[in-house]
Every structure is written in C-alpha cells, then in structure tokens.
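Notes follow once the structure below has been shown.
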Amino acid sequence: MLSMPELGLYFSFLLFLVGLFTVMFRKNILFMMLGVEILLNAANLAFVSASKITGTIDGQVVMFFVMAVAACEAAIGLAMIISLYRAKASVEADDLKLLRG
Amino acid sequence: MNHELFLAIIVGLPLLGAIVNGFFLRKAPRGVITAFATAMIAIPFVLSLLVVTGPVASGNAVSTVLFNWISLQLAGGGVFDVPFAFSVDRLSGTLLLIITGVGSLIHIYAGEYMHHEEGVYRFFAYLNLFVFSMLCLVLGSNMLVTFLGWEGVGVCSYLLIGYWYSDEANAAAGMKAFIANRVGDLGFLVAMFLAVVLFGTLDYTEIARQVGGLSPEWFTQNQLLVTAMGLCLLLGVTGKSAQLPLYVWLPDAMAGPTPVSALIHAATMVTSGIYLMTRMSFLLVHSDTVMLTIATVGGVTALFAATIGLVQNDIKKVLAYSTVSQLGFMVLACGVGAFQYGVAHLMTHAFFKALLFLGAGSVIHAMHHEQDIRKMGGLIKHLPITGWTFVIGTLAIIGFPGLSGFFSKDEILYYAWSGPFGHPAFWALGALAAACTSFYMVRLTVLTFFGTSRVDAHTAEHLHENPLAMTAPLMILAVLATVGGYVSVPHALGHLFGHDGDNLITQWLAPVLAQAKITMDAAHPGHGSAALEWGLMGTSTLIMLLMSGFAISLYLRKGPEGGASLARAAGGLYTLVLDKWRIDELYQTVIIVPLKKLGDVFFGAGDRAVIEGVVNEGPRGVYLVTTVLSDIQTGLLRNYLKAIFLGLLVLGAWIIW
C-alpha cells in the first residue's frame with residue numbers, strides 16, 4: 001500500500017500528462033493557458049509530496065514561488081489573449097501563423 | 001648648377017602636368033590647360049638644353065638615383081638592387097632634346113588643332129603622361145626603368161589612339177596597337193630575365209662593363225643565350241618600332257588625333273626601339289645572327305611598307321606606311337652596325353616626319369576632317385605656309401641633296417653596303433625602298449597641294465590658312481628638317497664642311513658606341529671606300545630624281561587618274577598592294593581565328609562548365625536546403641510545442657539512461 005505522499009507523486013505525474021496533452025492538442029489559446037496552469041500545479045504537487053517524503057521544507061517553499069509565478073503568468077497571459085482577441089477577433093492558435101517560414 | 005636636380009625636374013614636370021591636367025583642370029578654360037601642359041614640356045626642354053650642352057657635351061654622364069626600387073636578398077647572400085635611377089649620356093641626351101623639343105612644338109600646335117574638341121584636359125593629360133613615360137624610357141639607367149617607360153608609352157599610345165573613343169573603329173585601333181605592343185613587350189621582358197641570368201644586373205653601365213671584360217671563350221660558351229637575348233630585344237623593337245611582323249598596328253594608329261600621330265607615331269615612341277638597340281649595341285654586336293636578323297627585318301620592312309605606301313589614298317595612311325618604312329631604314333642601320341646613323345636618321349626623321357604629319361594635320365583641319373587626297377589638289381593656293389613647309393618635308397624625306405634626309409639616308413645606304421655587317425643585298429633593299437619613298441611622297445605632295453583643285457565647293461569656301469599657333473611649329477620644323485642632316489655629312493663630303501675624319505654624329509656618339517666599335521672592328525672590318533660612297537650617293541640621287549619626276553609626270557596634270565594606266569598594267573599585283581598585301585587578313589586567318597576558336601573551347605569547357613558551374617550550382621544547392629528548412633517553420637504554435645516537448649522527452653530520456 002502506497003503512503004500518502006507517494007500517491008501524491010504518482011498523481012502529480014498523471015496531472016502533468018493531462019496538462020501536457022491539453023497544451024499540445026487544444027487549439028483554443030484559453031484552453032492552452034489552462035493546460036499550462038495544470039502543468040504548474042502538477043509541479044507544485046510534486047514539490048509538496050517530495051517535501052513530505054524527505055522531511056525537508058524546501059519543496060514547500062518553492063511551491064509558494066511557483067504559485068506566485070503562476071499568478072503573474074495567468075494575469076499577463078489573459079491580458080494578452082484579450083488584446084489578441086481584440087486585434088484578430090479569434091483565440092484560435094492556428095490563426096496565428098505570422099512566423100511561418 | 002645642380003644638374004642632378006635638373007634631371008629629376010625634367011622627368012617630374014610632365015608627370016605633374018598629367019596629374020594636374022587630369023584631376024584639377026577638368027573645368028579650366030582651354031587656354032589654361034594648353035598653356036600649362038605646354039609649359040610642363042617646354043621647361044624641361046630648356047633644362048635639357050642646359051644639361052646636354054653642359055656636362056653631357058663635355059663627356060660626363062649625369063645620373064641621379066631617386067630611390068631604391070627593388071631590393072632582394074639573394075639565396076647566395078648577395079643583394080639584387082634595382083634603383084629608380086635616371087642618367088643622361090650623349091645618346092639619351094639626343095633623344096631627350098628631340099622628345100622635349102619636338103614635344104613642345106607639337107603641344108603648341110595641338111592647342112590650336114584640338115580647339116573645337118570637348119574635354120581637351122584629357123588629351124593634354126595623356127600627352128603629358130606620354131612625355132613622362134618616354135623620358136623614363138630614354139633616361140632610365142637600367143632596363144627596368146626603361147621597361148616602365150616602355151609600357152607607359154604603350155598605354156598612352158592606346159589612350160590617345162582611342163581618344164575619340166565613341167567611334168568603335170578608333171577604340172579597336174587602340175586595342176590593336178596595345179596588343180601588338182604587348183607581344184613585343186614579352187620579348188623585352190624575356191631579354192631582361194636573360195640579362196639577370198647572364199650578368200646578374202639590369203644596369204646598362206654595369207652590363208657594358210661586364211661584357212667588356214668577358215673573354216671570347218665565354219661568348220662561345222654562352223652564344224645561345226646571348227643570341228636569344230638579342231633576338232628577344234629585337235622582338236621588343238619590332239613591336240614598339242612597328243617592324244615586320246608586328247608593324248600592323250601603326251597604320252591603324254592613325255585613328256588618333258593628328259598631333260598624336262606626329263608626336264607618338266612618328267617622332268618619339270616608335271623610335272624607342274632604335275634607342276634600345278643603340279643602348280645595347282655592345283651586346284648585340286657579339287652575335288652575327290642577331291645583327292643579320294636585325295638588318296634583314298629592317299631592310300625588308302623598309303621596302304615592304306614603302307610598296308604599300310605607293311597606292312594609299314588617305315593622307316595619314318601614306319605617312320604612316322612611310323613611317324614604318326623609315327623606321328625600317330633605322331633598324332637596317334643598326335643591323336649593319338651603323339648605330340650612329342640609325343640615331344641620326346631617327347633625329348632627322350623626327351623633324352621631317354613630325355613636319356609632314358603636322359602639315360597633314362593642318363590640311364585636315366582646314367578641310368574639316370577630310371583625309372582623302374583624291375578630294376584635295378591645288379591646296380597650296382589656300383594654305384601657302386602649310387604647303388611650302390610640306391614640300392620641304394617631302395624633299396627632306398626623299399633625300400633631295402642638301403636637305404636632312406639626304407645625309408642620314410645616304411649614310412645608311414652606304415653602310416648597308418659597306419658597314420661591318422653590310423652586304424650589297426641590304427643596299428638593294430634600301431635603295432628600292434628609297435625609290436618607292438620618292439614616288440609615294442611626291443605623289444602625295446602633288447595630289448594634295450598641286451594640280452587642279454578637286455575640293456568640293458562647300459569646303460572650298462571656308463578654306464584658309466591656319467593660325468600662327470599651327471604654322472609656327474611647321475616653320476620651325478621645316479628649318480630643322482633642312483639643316484638637321486648636317487650632323488651626318490658623308491665622309492666623302494666632309495671636307496666641304498670643314499671637318500675631315502668623322503662627322504658630327506659619329507664624334508658625338510663615339511663614347512656610347514666605343515665598345516661596340518671595338519668588337520665590330522675586330523671581327524668585321526668595314527670595306528667601304530670614297531669611290532663607293534660617291535657611287536652610291538650618285539645612284540640614290542639619280543633614283544630619287546627619276547622616281548620623283550615619274551610621279552610628277554603621272555599626277556601633276558591628270559590628278560589621281562594619272563596612276564590608273566599603271567594600275568591596270570600591274571593588274572592583280574595592284575589590288576594586292578592596295579589591300580596592304582592582305583597581311584591583316586593573313587593574321588586574321590592564321591592567328592586570330594584559331595586563337596578565338598581556342599578561346600571558345602576554353603570558354604565552353606572552362607568558363608561555362610567549371611566556373612559558371614560552381615557559381616550557379618552552389619547557390620542552387622543552398623536554395624534547396626533552405627527551402628526545406630523554411631518549410632519546417634510552419635508558424636503553427638502546436639508544432640513548436642510538439643517539438644519542445646519531444647525535445648524535453650529526448651533530453652529526459654538521455655539524462656535518465
């Protein structure tokens with residue numbers, strides 16, 4: 001039987017895969033943003049679980065930093081999506097192909 | 001007085017003139033350009049007079065080293081130096097006076113002649129540059145400085161022949177001259193290499209000193225190299241002095257303005273070959289093969305070019321072939337060992353041929369660029385000064401007794417028979433050429449200036465004598481063409497002029513030619529006598545009078561039609577001569593067309609396949625690669641994300657295993 005923090009680690013791996021597939025396969029930028037959030041939280045869960053397993057506080061400290069960064073990222077990302085929508089009337093990633101070679 | 005400094009100024013001023021005219025006087029008024037350019041030649045003329053009449057006449061060469069041009073450490077530990085040095089002895093002094101003196105007169109004349117042209121600054125810049133190069137050529141104290149001038153006059157000749165470059169024929173004539181000259185230059189270059197191999201130096205004095213000290217055994221051992229060097233020099237001479245087989249450029253060179261023809265293609269540049277042979281006389285006389293080849297080339301050229309001159313109808317073309325022929329006389333003189341008379345004829349020829357060319361230019365100027373003598377006639381009424389000076393020039397060139405050509409040409413003919421390398425056959429070539437000369441020059445003069453006028457009415461209205469700036473040089477040259485010959489009074493006539501023994505030119509050039517004379521006297525004593533001299537003189541005078549009379553009787557009353565019956569009698573030969581013996585066509589078939597074919601082969605196999613292959617296929621390959629690379633950049637976010645995560649995966653896998 002797995003202990004609580006170990007279960008947390010496996011769960012964080014699953015959560016990371018969910019986030020990864022969301023980012024890779026969704027075409028709507030809003031959902032891609034959501035996927036990124038899930039990725040970050042998967043990382044957070046892994047940090048906390050690892051902190052519990054090793055009995056040190058470092059992982060939990062890092063988690064707070066990640067949460068702060070995630071908040072900033074969400075704020076800036078959403079603002080960019082809004083202005084993008086205003087400019088292009090679309091939030092579909094495939095419509096943004098200016099970098100095509 | 002500092003004569004070394006004078007020497008540097010003499011060479012430097014024409015160069016300064018070329019630079020200032022070419023770069024700073026582009027917008028200046030015509031008068032300023034002309035006056036400046038003329039001064040840049042006239043001042044050196046005055047200085048040359050001081051130098052030549054001063055130290056050079058008393059027997060001291062003046063030399064100055066400007067800087068050390070080339071200095072090489074040899075493997076054996078020695079040093080090979082080529083200083084950029086000038087020196088004047090009696091030979092180069094003579095040339096120096098001719099170049100700057102006749103050059104000044106022609107500059108004055110050209111100022112008026114080019115009056116209506118645009119961009120005269122260019123003309124005078126080239127002309128000054130030419131004089132600079134020519135001075136380098138004759139004043140250089142070693143072969144390399146001479147070679148610098150040798151190349152320089154070739155370039156200036158090219159630039160000036162193509163002066164009216166908007167006409168394609170002129171540009172082509174310039175290129176022809178340049179290329180024919182380059183072939184000759186190759187000979188000079190190889191001769192220099194051989195000089196380094198044989199003597200380890202390029203300095204004339206040093207080579208002469210070494211040659212003087214060498215034993216007959218050395219010459220027997222190195223006969224092949226000495227002969228090769230002489231023949232290479234001769235190749236250079238045939239290019240620059242328009243001898244067979246490279247003479248073809250000179251008649252075409254008449255495409256340039258007439259003052260250019262007078263200065264470059266009659267008086268100075270084309271005589272540089274004679275200068276070179278006289279300068280190297282001490283070496284040439286060591287090889288009989290070389291001397292006989294030189295004499296043959298000269299004699300054959302003299303006759304060959306004279307025959308073409310017989311039938312030409314362009315006033316400048318007649319003079320051009322006459323120049324080739326007269327140069328042949330000079331080369332013949334060098335070849336038979338009478339170098340001093342080569343130089344004497346060089347000088348008298350510079351006077352009378354410059355006079356004739358300037359006279360022709362005066363006619364052309366007055367006739368609004370008409371050069372066909374069939375459309376002239378009776379011009380002496382309208383152009384009296386030009387006409388009578390032209391007559392003097394003609395009398396001088398055909399060797400009328402008392403005028404300059406008589407003395408210099410007669411001496412050459414006498415030595416062609418009796419000189420150290422002379423032979424009656426050479427005399428026969430020369431005498432035949434002289435006969436042709438008398439005929440075509442008298443024909444030219446009669447058709448241009450005498451008889452009935454064939455000038456069209458429109459031109460006739462404007463026909464008048466040219467201004468003093470053009471006629472004054474003619475008159476000065478006419479005086480020089482009359483008296484210039486008295487430097488080479490024949491031996492037999494010497495006592496009439498108060499000097500028994502050697503005449504002036506022989507005395508004057510004795511120090512320069514002493515070494516060659518010793519060699520020649522040892523091997524080939526001359527076999528002349530006063531009786532022979534009188535006999536040959538009488539014969540050539542008789543030939544001259546007969547041929548002149550013949551030409552007058554043909555052309556004076558009937559005009560150009562006078563020669564028609566003669567032409568019919570000659571038949572195919574006449575057309576052949578009229579086509580200049582088809583030498584140009586021969587070169588075209590034998591040399592130029594095969595060369596062009598070879599060029600086409602290289603163009604196809606080398607240029608097209610290799611060079612253009614690399615240049616064109618290289619970029620095409622790059623283009624293909626970049627197309628693939630740029631297609632990867634889809635601009636779609638998901639593709640980039642996939643790449644990022646795949647990359648992460650690979651990295652992660654690599655770290656774990």
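Chain labels follow the order of the structure tokens: the first chain is A, the next B, and so on; residue numbering restarts at 1 in every chain, and ligands are counted from 1 in their shown order.
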Identify every residue of chain B that has at least one atom within 6 Å of any atom of chain A, counting only C-alpha atoms, and report the result as a PDB file with C-alpha atoms, in the first residue's frame.
ATOM      1  CA  SER B 630      11.978  27.208 -44.116  1.00  0.00           C
ATOM      2  CA  ASP B 631       9.133  24.756 -44.693  1.00  0.00           C
ATOM      3  CA  GLN B 633       8.841  26.887 -39.843  1.00  0.00           C
ATOM      4  CA  THR B 634       5.078  26.436 -40.160  1.00  0.00           C
ATOM      5  CA  GLY B 635       4.187  29.270 -37.814  1.00  0.00           C
ATOM      6  CA  LEU B 636       1.706  26.949 -36.028  1.00  0.00           C
ATOM      7  CA  ARG B 638       1.195  23.384 -31.782  1.00  0.00           C
TER       8      ARG B 638
END
Neighbouring residues of stretch 166-178 of chain B were defined as those with any atom within 6 Å, considering only C-alpha atoms; residues of the same chain fewer than 5 positions away were excluded. Please report them as a ChimeraX atom specification. /B:158,161,249,252-253,255
Same residues, C-alpha atoms, output as a CSV table (one decimal), in the first residue's frame:
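What follows is the written file result.csv:
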chain,number,residue,atom,x,y,z
B,158,TYR,CA,46.5,53.2,-76.6
B,161,ILE,CA,44.6,56.4,-80.4
B,249,TRP,CA,49.2,48.4,-85.5
B,252,ASP,CA,45.6,51.8,-87.8
B,253,ALA,CA,47.0,54.1,-85.1
B,255,ALA,CA,42.8,56.9,-85.9
Would you mind listing what lies within 6 Å of stretch 16-30 of chain B as a list in words, with only C-alpha atoms counted and same-chain residues fewer than 5 positions away left out?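 Contacts, in chain order: Ala37, Met40, Tyr121, Arg122, Ala125, Asn128 and Leu129 of chain B.
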One number please: atom CA of B:Ser281 to atom CA of B:Val483, in Å, one decimal.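 Interatomic distance here is 27.4 Å.
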Considering only C-alpha atoms, can you say which of B:Leu358, B:Met229, B:Leu493, B:Val155 comes closest to B:Met475? B:Leu358
Residue nearest B:Thr258 among B:Ser488, B:Ser133, B:Ser362, B:Thr445 (counting only C-alpha atoms): B:Ser362
Skip B:Leu509 itself and residues of its chain fewer than 3 positions away, then list as a PyMOL selection string all residues within 7 Å of it, counting only C-alpha atoms. chain B and resi 90-91+340+505-506+512-513
Neighbouring residues of B:Arg182 were defined as those with any atom within 9 Å, considering only C-alpha atoms; residues of the same chain fewer than 3 positions away were excluded. Please report them as number ranges by chain. B: 151, 154, 177-179, 185-187, 236, 239-240
Those same residues - C-alpha atoms - I'd like them written as a PDB file, in the first residue's frame.
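Result saved to selection.pdb:
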ATOM      1  CA  GLU B 151      54.984  50.064 -71.020  1.00  0.00           C
ATOM      2  CA  GLY B 154      52.260  51.802 -74.888  1.00  0.00           C
ATOM      3  CA  ALA B 177      48.158  48.851 -81.071  1.00  0.00           C
ATOM      4  CA  PHE B 178      48.221  47.831 -77.444  1.00  0.00           C
ATOM      5  CA  ILE B 179      48.069  44.107 -78.140  1.00  0.00           C
ATOM      6  CA  ASP B 185      56.961  43.694 -74.662  1.00  0.00           C
ATOM      7  CA  LEU B 186      57.148  39.986 -73.958  1.00  0.00           C
ATOM      8  CA  GLY B 187      60.436  39.954 -75.866  1.00  0.00           C
ATOM      9  CA  GLY B 236      60.585  44.160 -78.448  1.00  0.00           C
ATOM     10  CA  GLY B 239      56.620  45.707 -81.532  1.00  0.00           C
ATOM     11  CA  LYS B 240      57.446  49.222 -80.467  1.00  0.00           C
TER      12      LYS B 240
END
For B:Glu461: contacts at 12 Å, only C-alpha atoms, fewer than 3 positions along chain excluded, given as a VMD selection string: chain B and resid 366 to 368 382 455 to 458 464
When you draw a straight line from atom CA of B:Leu536 to atom CA of B:Leu346, how long is it in Å?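 About the pair atom CA of B:Leu536 and atom CA of B:Leu346: they are 21.1 Å apart.
Around stretch 78-86 of chain B, within 8 Å and counting only C-alpha atoms, the residues found are Leu7, Ala8, Ser63, Thr64, Val65, Leu66, Phe67, Asn68, Trp69, Ile70, Ser71, Leu72, Gln73, Leu74, Ala75, Cys136, Leu139, Gly140, Ser141, Asn142, Leu144, Val145, Gly200, Thr201, Leu202 and Asp203 of chain B, once anything fewer than 3 positions away on its own chain is removed.
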Would you please work out which residue, of B:Gly335, B:Gly535, B:Gly162, B:Pro216, is nearest to B:Leu231 when using only C-alpha atoms?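 Checking each of B:Gly335, B:Gly535, B:Gly162, B:Pro216 against B:Leu231, counting only C-alpha atoms, the winner is B:Gly335.
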All alpha helix (DSSP H) residues (DSSP, backbone) inside stretch 140-247 of chain B, as a PyMOL selection string: chain B and resi 143-161+168-199+204-213+216-221+223-240
Just to confirm, what's the straight-line distance from atom CA of A:Gly8 to atom CA of A:Ala46 in Å (one decimal)?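 Interatomic distance here is 6.9 Å.
With only C-alpha atoms as the atoms that count, the minimum distance from B:Val324 to the choices B:Gln210, B:Ala306, B:Phe147, B:Ala228 is reached by B:Ala306.
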